[in-house]
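**Student:** Structure provided below as C-alpha cells; questions to follow.
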2 protein chains.
Amino acid sequence: MKFDLSGEDRKRMDEHLEKIMERTYHMIGYPLSRDFDYSEMNPVMRYALNNIGDPRIESTSVLSTKQEENEVVDFFARLFRAPENNYWGYVTNGGTEGNLYALYLARELYPEAMVYYSEATHYSVQKNLHLLRMDSIVIRTQPNGEMDYDDLREVLSQQRHRPAVVFSNIGTTMTEAKDNVATIKQVLKEQAIRQHYIHSDAALAGIYTALLEPHHPFDFADGADSIAISGHKFIGSPIPCGLVVVKKNYKDRIGQLVPYIGTLDTTITGSRNGHTPWFMWYAIKKWGIEGFKYRAEQSLELAKYTKEKLVEMGWKAWANPNAITVVIAKPHESLIAKWQLATEGDIAHIICMPGVTKDQIDAFLKDMKQHYGNRVSAISMS
Amino acid sequence: MKFDLSGEDRKRMDEHLEKIMERTYHMIGYPLSRDFDYSEMNPVMRYALNNIGDPRIESTSVLSTKQEENEVVDFFARLFRAPENNYWGYVTNGGTEGNLYALYLARELYPEAMVYYSEATHYSVQKNLHLLRMDSIVIRTQPNGEMDYDDLREVLSQQRHRPAVVFSNIGTTMTEAKDNVATIKQVLKEQAIRQHYIHSDAALAGIYTALLEPHHPFDFADGADSIAISGHKFIGSPIPCGLVVVKKNYKDRIGQLVPYIGTLDTTITGSRNGHTPWFMWYAIKKWGIEGFKYRAEQSLELAKYTKEKLVEMGWKAWANPNAITVVIAKPHESLIAKWQLATEGDIAHIICMPGVTKDQIDAFLKDMKQHYGNRVSAISMS
C-alpha cells in the first residue's frame with residue numbers, strides 16, 4: 001500500500017516555508033540568532049536519537065549524543081568557572097527547563113525556602129514556582145530593570161528564619177538588565193542567612209557576559225550555585241534548547257536508581273532530544289571562545305549603531321552596559337507587527353542578535369522615518 | 001574572520017553517524033518507529049521556529065507552526081473521542097511532559113488529591129509526582145502487567161476522604177499491558193469518590209489501541225480526563241515529542257495572562273519546539289487513519305511471527321492482546337547488547353515497531369540459535 005501527502009498539503013508546506021523566510025528577515029525584536037547553519041547534519045535527521053537520563057551515564061541504547069552533550073557541558077562549565085570537580089549539567093529543551101531544574105534542586109536542598117526574584121523576571125518563573133509549590137516574594141527593580149538590592153535587603157531582613165533562594169536575571173527579557181550576584185551574595189551575608197542558593201538565569205546573555213570586559217559578577221566563582229542558558233538564543237538553533245549547569249553534590253541528592261534504562265535519571269524530562277546537543281556541539285566546535293567573542297562584539301557594535309541612529313532622529317532609545325538589546329519608546333502598531341518587536345507597557349526593544357544585519361536595521365530606520373517624518377521628535381520627547 | 005570545524009571534528013561526526021546507522025538497524029527492543037522520513041522538510045531546519053505558549057492563541061511572533069499543531073491536536077482529540085467543544089492540547093517534548101502536565105492539571109483541580117498508579121508504571125511518574133509535591137500510593141499489578149483492580153478497590157476504600165487521581169497505563173513499558181479505564185471508573189463509583197480524575201498514559205499504544213478491535217476502554221468517552229501520547233514512538237520522529245489532550249474547562253483553570261508574548265501561557269515549557277508539530281502534521285497527512293491502521297496491523301503480524309518462532313524453538317515468549325511487544329525470557333548479555341533489548345528482572349522484550357522488518361527478526365532469531373543451539377529448551381523452560 002502507498003501512503004503520501006496530497007498536492008494541496010505540499011503546497012501548504014511550501015507557502016508556510018516562504019512565509020517563515022520573510023518573517024525571519026523581519027524579526028529584530030526576538031532573541032534568536034540567525035547565523036546558524038546545521039545543514040551538514042541533515043542526514044542525522046533520518047534517525048531517532050534519544051539522550052535519555054543522566055548524560056554522564058551511557059544508557060543501554062547507544063542511539064544518543066551523550067558524548068557530544070558532555071563536551072558542551074564541559075565547555076560552558078569552564079566558561080562559567082564552575083568548581084572543577086563538582087559540576088554537572090545537561091542540555092535542556094530551553095531556558096525554562098533549566099530554571100525549573102535549578103529551582104527544583106534548590107527546593108530539594110531547602111524544602112522550606114522562600115524564593116526571591118525581581119519584577120523584571122520572565123513570567124515562566126512564577127509558573128515554575130507554582131508547579132513546584134514553592135513560596136516566593138517579588139523584589140522591586142531599579143529603573144534599568146536590575147534588582148533593587150535595598151528592597152531585597154529589606155525583605156530578607158524580615159525572612160531571616162527561612163532559607164533563601166535568589167533567582168537572578170543575567171539579562172532581563174525587556175531591557176537586558178543584569179542582576180549582580182556578588183551584591184546579592186553580600187546582602188545574604190549581611191542578614192546572616194547561611195542556608196541560601198543563588199541561581200543565574202543567563203538565558204540570553206550568559207555566554208557573552210562571561211567573555212566581555214569589565215567582568216559582571218554572575219557565575220560560579222561569583223557565588224552562583226547554578227546557571228541556565230538558552231541554546232536557541234545567542235548560540236543559535238532551529239529548535240529551542242538550553243543548558244543547565246549545577247554543582248554536582250547538589251544534583252546527587254535527587255538521583256534515584258532506575259533499572260529500566262540502566263541509568264540514574266536526574267533530569268526532568270525522560271526521553272531527551274539528541275539532536276540539539278549535537279547542534280550545540282557543532283556550534284562550540286565551529287565558533288569556540290574566539291568566535292563567540294567576535295559575534296558578541298559585532299552585536300554590540302550594531303546595537304550601538306541602532307541606538308545612535310534612533311537618538312539622532314529624536315527617538316527615545318537606550319541600552320544597558322554590554323547589552324545587545326536597544327530599549328526604545330514603543331512605535332506604531334504597524335511597525336511593531338512588521339518588525340516583530342516585543343513590547344511591554346510603553347517600551348519596545350530591538351535585539352541585535354548575531355545574524356541581524358545593518359541592512360535590516362537601516363530598513364527598520366527607514367520605515368520609522370517614513371511613518372513619523374518630522375514628527376519624530378515631537379512624539380518621542382513628549 | 002572565518003570560523004569553521006576542524007577536519008578531526010568532521011571525521012568524528014561522520015563516524016558517529018555511521019555508528020548510529022548500524023545501531024538503528026540492531027535496535028528491536030525500544031519503541032521507536034523507523035519508517036519515518038521528513039527529509040522533504042530539511043529546508044525548514046535553517047529557521048528558528050518557536051510555538052511559544054498556548055497553541056490556540058497566535059503569538060506576536062509568527063515564526064511558529066501553531067496552525068499545524070492545532071490540526072494535530074484536532075486529529076487526535078477526535079480519535080480519542082474527546083468532548084467536541086471541550087478539549088485542548090499541545091505538542092510536548094515527549095510522553096513525560098504530557099503526563100506531568102496532566103498530573104499538574106489534576107493537582108490544580110484537587111490540591112489535596114491522592115494519586116494511584118500501578119507497579120508497572122514508568123519510573124518518570126514517581127519523579128513527576130515528587131516534583132509536583134503530590135501524595136501517591138502504588139497499586140499491585142496482575143501477572144500480565146495490568147493494574148490489580150481488587151487492590152485498587154481495597155486501597156481506595158481506605159482513602160474515601162480524599163479526591164482520587166488514577167494514573168492508568170495504556171501499554172506499560174515492559175509488557176505493554178493496558179489498564180481498563182472503564183473498570184477504574186467503576187471502582188471509583190463503587191467507593192462513591194466523586195472528586196476523581198483519570199489520566200491515560202498512552203505513550204506507545206494510544207493510537208493503535210483507538211483503531212483496533214475489540215475496543216479497549218481508555219479514551220475520553222470511556223472516562224479519561226486527559227490522554228498523553230508520544231510522537232517519536234508509534235508515529236515516528238527523529239526528536240522526542242508527544243501530545244497531551246485534556247478537557248478544556250480543566251485547562252482554563254491554570255491559564256494566566258502574560259502580556260510579553262501576547263498569549264495566555266498554559267503550557268509547561270516556555271519556548272516550544274516548532275519543528276516536531278510539523279513532523280507530526282506531516283505524518284497525519286501522510287498516513288491518515290488508514291495508514292496508521294495499516295502500520296499497526298503490520299506490527300501485530302510481525303509480533304505474532306516473532307512470538308511463534310521463539311516458542312517454536314523452545315524460548316519463553318508471550319504478548320498481551322493487541323500488543324506489538326513480545327515479552328521473552330531474558331537472553332544472554334551479548335544478545336541484549338547487540339539487539340538493544342530492554343530488560344527488567346528475568347524478562348526482556350522485543351517491540352515490533354513500524355519499520356522493524358522480518359529480516360531483522362530473522363537475524364535476531366539466527367543469533368539466538370547460534371548462541372543457544374540445542375540447549376534452548378533446557379534453559380528457557382527451567
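Numbering starts fresh at 1 for the residues of each chain in the C-alpha cells, the chains themselves are lettered A, B, ... in the order given, and ligands are numbered from 1 as they appear.
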Show me, as a list in words, the residues that have an atom within 10 Å of Thr269 of chain A when counting only C-alpha atoms, minus same-chain residues fewer than 6 positions from it.

**Tutor:**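 Skipping anything fewer than 6 positions along the chain leaves Ile52, Gly53, Thr92, Asn93 and Glu97 of chain A; Asn93, Gly94, Gly95, Thr96, Glu97, Leu100, Ser124, Lys127 and Asn128 of chain B.
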
**Student:** Output the selection as a CSV table (one decimal), in the first residue's frame - all heavy atoms for each residue.

**Tutor:**
```csv
chain,number,residue,atom,x,y,z
A,52,ILE,N,18.3,9.8,26.8
A,52,ILE,CA,17.5,9.6,28.0
A,52,ILE,C,18.4,9.5,29.2
A,52,ILE,O,19.4,8.9,29.3
A,52,ILE,CB,16.7,8.3,27.8
A,52,ILE,CG1,15.6,8.1,28.9
A,52,ILE,CG2,17.6,7.0,27.7
A,52,ILE,CD1,14.5,7.1,28.5
A,53,GLY,N,17.9,10.2,30.3
A,53,GLY,CA,18.5,10.2,31.6
A,53,GLY,C,19.8,11.0,31.7
A,53,GLY,O,20.0,11.9,30.9
A,92,THR,N,19.0,21.0,27.9
A,92,THR,CA,17.5,21.1,28.2
A,92,THR,C,16.7,21.5,26.9
A,92,THR,O,17.3,21.7,25.9
A,92,THR,CB,17.2,22.1,29.3
A,92,THR,OG1,17.6,23.4,28.7
A,92,THR,CG2,18.0,21.9,30.5
A,93,ASN,N,15.4,21.5,27.1
A,93,ASN,CA,14.6,22.0,26.0
A,93,ASN,C,14.4,23.5,25.9
A,93,ASN,O,13.6,24.0,25.2
A,93,ASN,CB,13.2,21.3,26.1
A,93,ASN,CG,13.2,19.9,25.7
A,93,ASN,OD1,13.7,19.5,24.7
A,93,ASN,ND2,12.8,19.0,26.7
A,97,GLU,N,13.2,25.1,31.2
A,97,GLU,CA,13.5,23.9,31.8
A,97,GLU,C,14.7,24.0,32.7
A,97,GLU,O,14.8,23.4,33.8
A,97,GLU,CB,13.7,22.7,30.8
A,97,GLU,CG,13.8,21.4,31.4
A,97,GLU,CD,14.1,20.2,30.5
A,97,GLU,OE1,13.9,20.4,29.3
A,97,GLU,OE2,14.7,19.2,30.9
B,93,ASN,N,7.3,17.8,24.6
B,93,ASN,CA,8.7,17.3,24.3
B,93,ASN,C,8.7,15.8,24.5
B,93,ASN,O,9.8,15.2,24.5
B,93,ASN,CB,9.7,18.0,25.1
B,93,ASN,CG,10.0,19.4,24.7
B,93,ASN,OD1,10.3,19.6,23.5
B,93,ASN,ND2,9.8,20.3,25.6
B,94,GLY,N,7.6,15.1,24.7
B,94,GLY,CA,7.6,13.7,24.9
B,94,GLY,C,6.5,13.3,25.9
B,94,GLY,O,5.9,14.1,26.5
B,95,GLY,N,6.4,12.0,26.1
B,95,GLY,CA,5.4,11.4,27.0
B,95,GLY,C,5.5,12.0,28.4
B,95,GLY,O,4.4,12.3,29.0
B,96,THR,N,6.7,12.1,28.9
B,96,THR,CA,6.8,12.5,30.3
B,96,THR,C,6.2,13.9,30.5
B,96,THR,O,5.5,14.1,31.5
B,96,THR,CB,8.3,12.6,30.7
B,96,THR,OG1,8.9,11.3,30.5
B,96,THR,CG2,8.5,13.0,32.1
B,97,GLU,N,6.4,14.8,29.6
B,97,GLU,CA,5.9,16.2,29.7
B,97,GLU,C,4.4,16.1,29.7
B,97,GLU,O,3.7,16.8,30.5
B,97,GLU,CB,6.4,17.1,28.7
B,97,GLU,CG,5.9,18.6,29.0
B,97,GLU,CD,6.4,19.5,27.9
B,97,GLU,OE1,7.3,19.3,27.1
B,97,GLU,OE2,5.7,20.6,27.7
B,100,LEU,N,3.2,14.8,33.0
B,100,LEU,CA,3.5,15.9,34.0
B,100,LEU,C,2.4,16.9,33.9
B,100,LEU,O,1.8,17.4,34.9
B,100,LEU,CB,4.8,16.5,33.8
B,100,LEU,CG,5.2,17.7,34.7
B,100,LEU,CD1,5.3,17.2,36.2
B,100,LEU,CD2,6.6,18.3,34.3
B,124,SER,N,9.3,7.6,35.6
B,124,SER,CA,9.2,9.1,35.5
B,124,SER,C,8.0,9.6,36.2
B,124,SER,O,8.0,10.8,36.6
B,124,SER,CB,9.2,9.5,34.0
B,124,SER,OG,8.0,9.0,33.4
B,127,LYS,N,8.8,10.4,39.6
B,127,LYS,CA,9.7,11.6,39.6
B,127,LYS,C,8.8,12.9,39.4
B,127,LYS,O,9.0,13.9,40.1
B,127,LYS,CB,10.6,11.5,38.4
B,127,LYS,CG,12.0,12.1,38.6
B,127,LYS,CD,12.9,11.7,37.4
B,127,LYS,CE,12.3,12.1,36.0
B,127,LYS,NZ,13.3,11.9,34.9
B,128,ASN,N,7.8,12.8,38.5
B,128,ASN,CA,6.9,13.9,38.3
B,128,ASN,C,6.1,14.2,39.6
B,128,ASN,O,5.9,15.4,39.9
B,128,ASN,CB,5.8,13.5,37.3
B,128,ASN,CG,6.4,13.6,35.9
B,128,ASN,OD1,7.4,14.2,35.7
B,128,ASN,ND2,5.7,13.1,34.9
```

**Student:** Taking the DSSP secondary structure from the backbone, can you list the residues of segment 74-172 of chain A that are strand (DSSP E), as a PyMOL selection string?

**Tutor:** chain A and resi 87-92+114-118+135-139+164-169

**Student:** Show which residues sit within 10 Å of Ile139 of chain B, as a list in words. Count only C-alpha atoms, and ignore same-chain residues fewer than 3 positions away.

**Tutor:** Tyr116, Tyr117, Ser118, Glu119, Ala120, Thr121, Ser136, Gln142, Met147, Asp148, Tyr149, Asp150, Asp151, Leu152, Arg153, Glu154 and Val155 of chain B

**Student:** Could the residues in this selection be saved with all heavy atoms as a tab-separated table (two decimals), in the first residue's frame?

**Tutor:**
```tsv
chain	number	residue	atom	x	y	z
B	116	TYR	N	-2.97	7.40	42.44
B	116	TYR	CA	-2.82	5.95	42.41
B	116	TYR	C	-2.25	5.53	41.06
B	116	TYR	O	-2.74	5.96	40.03
B	116	TYR	CB	-4.18	5.27	42.62
B	116	TYR	CG	-4.89	5.76	43.86
B	116	TYR	CD1	-5.74	6.87	43.80
B	116	TYR	CD2	-4.69	5.15	45.09
B	116	TYR	CE1	-6.36	7.36	44.94
B	116	TYR	CE2	-5.31	5.62	46.24
B	116	TYR	CZ	-6.15	6.73	46.16
B	116	TYR	OH	-6.75	7.20	47.29
B	117	TYR	N	-1.23	4.72	41.10
B	117	TYR	CA	-0.67	4.19	39.85
B	117	TYR	C	-0.11	2.82	40.13
B	117	TYR	O	0.28	2.51	41.26
B	117	TYR	CB	0.39	5.13	39.27
B	117	TYR	CG	1.60	5.35	40.14
B	117	TYR	CD1	2.73	4.55	40.02
B	117	TYR	CD2	1.62	6.38	41.09
B	117	TYR	CE1	3.85	4.76	40.83
B	117	TYR	CE2	2.74	6.59	41.90
B	117	TYR	CZ	3.84	5.78	41.75
B	117	TYR	OH	4.93	5.98	42.55
B	118	SER	N	-0.06	1.99	39.11
B	118	SER	CA	0.36	0.60	39.32
B	118	SER	C	1.87	0.45	39.37
B	118	SER	O	2.62	1.31	38.89
B	118	SER	CB	-0.21	-0.29	38.22
B	118	SER	OG	0.66	-0.31	37.11
B	119	GLU	N	2.29	-0.67	39.91
B	119	GLU	CA	3.71	-1.03	39.99
B	119	GLU	C	4.43	-0.99	38.65
B	119	GLU	O	5.64	-0.81	38.59
B	119	GLU	CB	3.84	-2.49	40.46
B	119	GLU	CG	3.55	-2.76	41.89
B	119	GLU	CD	3.75	-4.26	42.15
B	119	GLU	OE1	2.84	-5.05	41.80
B	119	GLU	OE2	4.81	-4.62	42.68
B	120	ALA	N	3.68	-1.25	37.58
B	120	ALA	CA	4.30	-1.35	36.25
B	120	ALA	C	4.47	0.01	35.59
B	120	ALA	O	4.92	0.11	34.45
B	120	ALA	CB	3.46	-2.26	35.35
B	121	THR	N	4.12	1.05	36.31
B	121	THR	CA	4.17	2.41	35.77
B	121	THR	C	5.62	2.87	35.56
B	121	THR	O	6.50	2.55	36.35
B	121	THR	CB	3.44	3.37	36.74
B	121	THR	OG1	2.09	2.90	36.88
B	121	THR	CG2	3.42	4.79	36.23
B	136	SER	N	1.05	9.84	46.85
B	136	SER	CA	0.64	8.75	45.97
B	136	SER	C	0.74	7.39	46.64
B	136	SER	O	1.46	7.23	47.63
B	136	SER	CB	1.49	8.75	44.70
B	136	SER	OG	2.85	8.54	45.03
B	142	GLN	N	-1.37	-7.25	38.08
B	142	GLN	CA	-1.65	-8.65	37.75
B	142	GLN	C	-0.40	-9.19	37.03
B	142	GLN	O	0.46	-8.42	36.61
B	142	GLN	CB	-2.87	-8.73	36.83
B	142	GLN	CG	-4.13	-8.09	37.43
B	142	GLN	CD	-5.29	-8.10	36.45
B	142	GLN	OE1	-5.54	-9.10	35.79
B	142	GLN	NE2	-5.98	-6.98	36.35
B	147	MET	N	-3.09	-3.29	35.95
B	147	MET	CA	-3.42	-2.92	37.33
B	147	MET	C	-4.30	-3.99	37.99
B	147	MET	O	-5.19	-4.55	37.34
B	147	MET	CB	-4.15	-1.57	37.32
B	147	MET	CG	-4.48	-1.03	38.71
B	147	MET	SD	-5.33	0.58	38.62
B	147	MET	CE	-3.95	1.71	38.43
B	148	ASP	N	-4.06	-4.25	39.26
B	148	ASP	CA	-4.89	-5.18	40.03
B	148	ASP	C	-6.05	-4.37	40.62
B	148	ASP	O	-5.87	-3.64	41.59
B	148	ASP	CB	-4.02	-5.80	41.14
B	148	ASP	CG	-4.81	-6.76	42.02
B	148	ASP	OD1	-6.06	-6.67	42.06
B	148	ASP	OD2	-4.17	-7.59	42.69
B	149	TYR	N	-7.23	-4.51	40.01
B	149	TYR	CA	-8.37	-3.67	40.39
B	149	TYR	C	-8.87	-3.99	41.80
B	149	TYR	O	-9.44	-3.13	42.46
B	149	TYR	CB	-9.49	-3.77	39.35
B	149	TYR	CG	-8.96	-3.51	37.95
B	149	TYR	CD1	-8.83	-4.54	37.03
B	149	TYR	CD2	-8.55	-2.23	37.58
B	149	TYR	CE1	-8.30	-4.31	35.77
B	149	TYR	CE2	-8.02	-1.99	36.32
B	149	TYR	CZ	-7.90	-3.04	35.42
B	149	TYR	OH	-7.37	-2.80	34.18
B	150	ASP	N	-8.67	-5.21	42.24
B	150	ASP	CA	-9.07	-5.55	43.61
B	150	ASP	C	-8.22	-4.77	44.61
B	150	ASP	O	-8.71	-4.27	45.61
B	150	ASP	CB	-8.92	-7.06	43.86
B	150	ASP	CG	-9.93	-7.86	43.04
B	150	ASP	OD1	-11.01	-7.31	42.73
B	150	ASP	OD2	-9.62	-9.02	42.69
B	151	ASP	N	-6.94	-4.69	44.29
B	151	ASP	CA	-6.06	-3.94	45.17
B	151	ASP	C	-6.43	-2.46	45.13
B	151	ASP	O	-6.43	-1.78	46.16
B	151	ASP	CB	-4.59	-4.14	44.76
B	151	ASP	CG	-3.62	-3.64	45.82
B	151	ASP	OD1	-3.87	-3.89	47.01
B	151	ASP	OD2	-2.63	-2.98	45.46
B	152	LEU	N	-6.75	-1.95	43.94
B	152	LEU	CA	-7.18	-0.54	43.82
B	152	LEU	C	-8.40	-0.30	44.70
B	152	LEU	O	-8.47	0.68	45.45
B	152	LEU	CB	-7.51	-0.21	42.35
B	152	LEU	CG	-8.03	1.21	42.10
B	152	LEU	CD1	-6.96	2.27	42.37
B	152	LEU	CD2	-8.56	1.37	40.66
B	153	ARG	N	-9.37	-1.22	44.62
B	153	ARG	CA	-10.61	-1.11	45.40
B	153	ARG	C	-10.30	-1.07	46.90
B	153	ARG	O	-10.78	-0.20	47.63
B	153	ARG	CB	-11.53	-2.29	45.08
B	153	ARG	CG	-12.89	-2.22	45.75
B	153	ARG	CD	-13.78	-3.39	45.34
B	153	ARG	NE	-14.13	-3.36	43.92
B	153	ARG	CZ	-13.67	-4.20	42.99
B	153	ARG	NH1	-12.82	-5.17	43.32
B	153	ARG	NH2	-14.06	-4.10	41.73
B	154	GLU	N	-9.46	-1.99	47.31
B	154	GLU	CA	-9.04	-2.10	48.71
B	154	GLU	C	-8.41	-0.79	49.21
B	154	GLU	O	-8.78	-0.26	50.26
B	154	GLU	CB	-8.02	-3.26	48.79
B	154	GLU	CG	-7.39	-3.51	50.13
B	154	GLU	CD	-8.38	-4.07	51.13
B	154	GLU	OE1	-9.38	-4.67	50.67
B	154	GLU	OE2	-8.17	-3.88	52.33
B	155	VAL	N	-7.47	-0.30	48.43
B	155	VAL	CA	-6.76	0.92	48.82
B	155	VAL	C	-7.70	2.13	48.83
B	155	VAL	O	-7.70	2.94	49.77
B	155	VAL	CB	-5.54	1.15	47.89
B	155	VAL	CG1	-4.93	2.52	48.12
B	155	VAL	CG2	-4.49	0.06	48.11
```

**Student:** Using only C-alpha atoms, find each residue in segment 14-60 of chain A having at least one atom no more than 12 Å away from segment 296-313 of chain A; report its shortest atom-to-atom pair and that distance in Å (one decimal), rows by chain then rising number, as a tab-separated table.

**Tutor:**
```
residue	atom	partner	partner_atom	distance
A:Ile28	CA	A:Ala303	CA	11.1
A:Pro31	CA	A:Ser299	CA	11.6
A:Ser33	CA	A:Ser299	CA	10.2
A:Arg34	CA	A:Ser299	CA	11.9
A:Asp35	CA	A:Ser299	CA	11.8
```

**Student:** Can you write just those residues out, all heavy atoms, as a CSV table (one decimal), in the first residue's frame?

**Tutor:**
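New file selection_2.csv:
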```csv
chain,number,residue,atom,x,y,z
A,28,ILE,N,13.5,41.6,14.3
A,28,ILE,CA,14.6,42.2,15.0
A,28,ILE,C,14.2,42.4,16.5
A,28,ILE,O,15.0,43.0,17.2
A,28,ILE,CB,15.0,43.5,14.4
A,28,ILE,CG1,13.8,44.5,14.3
A,28,ILE,CG2,15.5,43.3,13.0
A,28,ILE,CD1,14.2,45.9,13.8
A,31,PRO,N,15.1,37.4,20.6
A,31,PRO,CA,16.5,37.0,20.8
A,31,PRO,C,16.9,35.7,20.2
A,31,PRO,O,17.3,34.7,20.8
A,31,PRO,CB,16.6,36.9,22.3
A,31,PRO,CG,15.2,36.5,22.8
A,31,PRO,CD,14.3,37.1,21.8
A,33,SER,N,19.4,34.0,17.3
A,33,SER,CA,20.5,34.2,16.3
A,33,SER,C,20.0,33.7,15.0
A,33,SER,O,19.3,32.7,14.9
A,33,SER,CB,21.7,33.5,16.8
A,33,SER,OG,22.3,34.2,17.9
A,34,ARG,N,20.5,34.3,13.9
A,34,ARG,CA,20.1,33.9,12.6
A,34,ARG,C,21.3,33.3,11.8
A,34,ARG,O,21.1,32.9,10.7
A,34,ARG,CB,19.6,35.2,11.8
A,34,ARG,CG,18.2,35.0,11.4
A,34,ARG,CD,17.2,35.0,12.6
A,34,ARG,NE,17.4,36.0,13.5
A,34,ARG,CZ,16.9,37.3,13.4
A,34,ARG,NH1,16.2,37.6,12.3
A,34,ARG,NH2,17.1,38.1,14.3
A,35,ASP,N,22.5,33.3,12.4
A,35,ASP,CA,23.7,33.0,11.6
A,35,ASP,C,24.1,31.5,11.8
A,35,ASP,O,25.2,31.1,11.7
A,35,ASP,CB,24.9,33.9,11.9
A,35,ASP,CG,25.2,33.8,13.4
A,35,ASP,OD1,24.4,33.3,14.2
A,35,ASP,OD2,26.4,34.3,13.8
```

**Student:** Just checking: using only C-alpha atoms, which residue out of A:Pro43, A:Pro83, A:Gly206, A:Pro321 ends up closest to chain B?

**Tutor:**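 Of the candidates, the smallest distance to chain B is held by A:Pro43.
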
**Student:** I want to know what sits within 8 Å of segment 213-224 of chain B, based on only C-alpha atoms, with residues of the same chain fewer than 4 positions away left out; could you give that as a PyMOL selection string?

**Tutor:** chain B and resi 80-83+170+179-182+185+197-200+209

**Student:** Quick one: everything within 12 Å of Tyr25 of chain B, counting only C-alpha atoms, minus sequence neighbours fewer than 2 positions away in the same chain. Send it as a ChimeraX atom specification.

**Tutor:** /A:47-48,63 /B:18-23,27-30,32-35,338-340,355-357,359-361,363-364

**Student:** Skipping near chain neighbours, those fewer than 5 positions away, what residues fall within 10 Å of Cys241 of chain B using only C-alpha atoms, listed as a PyMOL selection string?

**Tutor:** (chain A and resi 271-273) or (chain B and resi 91-98+229-233+235-236+273+275-277+279-280)

**Student:** By how many Å are atom CA of Lys247 of chain A and atom CA of Gln158 of chain A apart?

**Tutor:**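 It comes out at 28.6 Å.
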
**Student:** Counting only C-alpha atoms, what is within 10 Å of Lys285 of chain B, bar same-chain residues fewer than 2 positions away, as a PyMOL selection string?

**Tutor:** (chain A and resi 3-6+9-10) or (chain B and resi 71-72+279-283+287-289+291)

**Student:** Could you check the closest approach to Asn85 of chain B for each of B:Val246, B:Ala102, B:Ala319, B:Met114 and tell me which residue wins, using only C-alpha atoms?

**Tutor:**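 Among the listed residues, B:Val246 lies closest to Asn85 of chain B.
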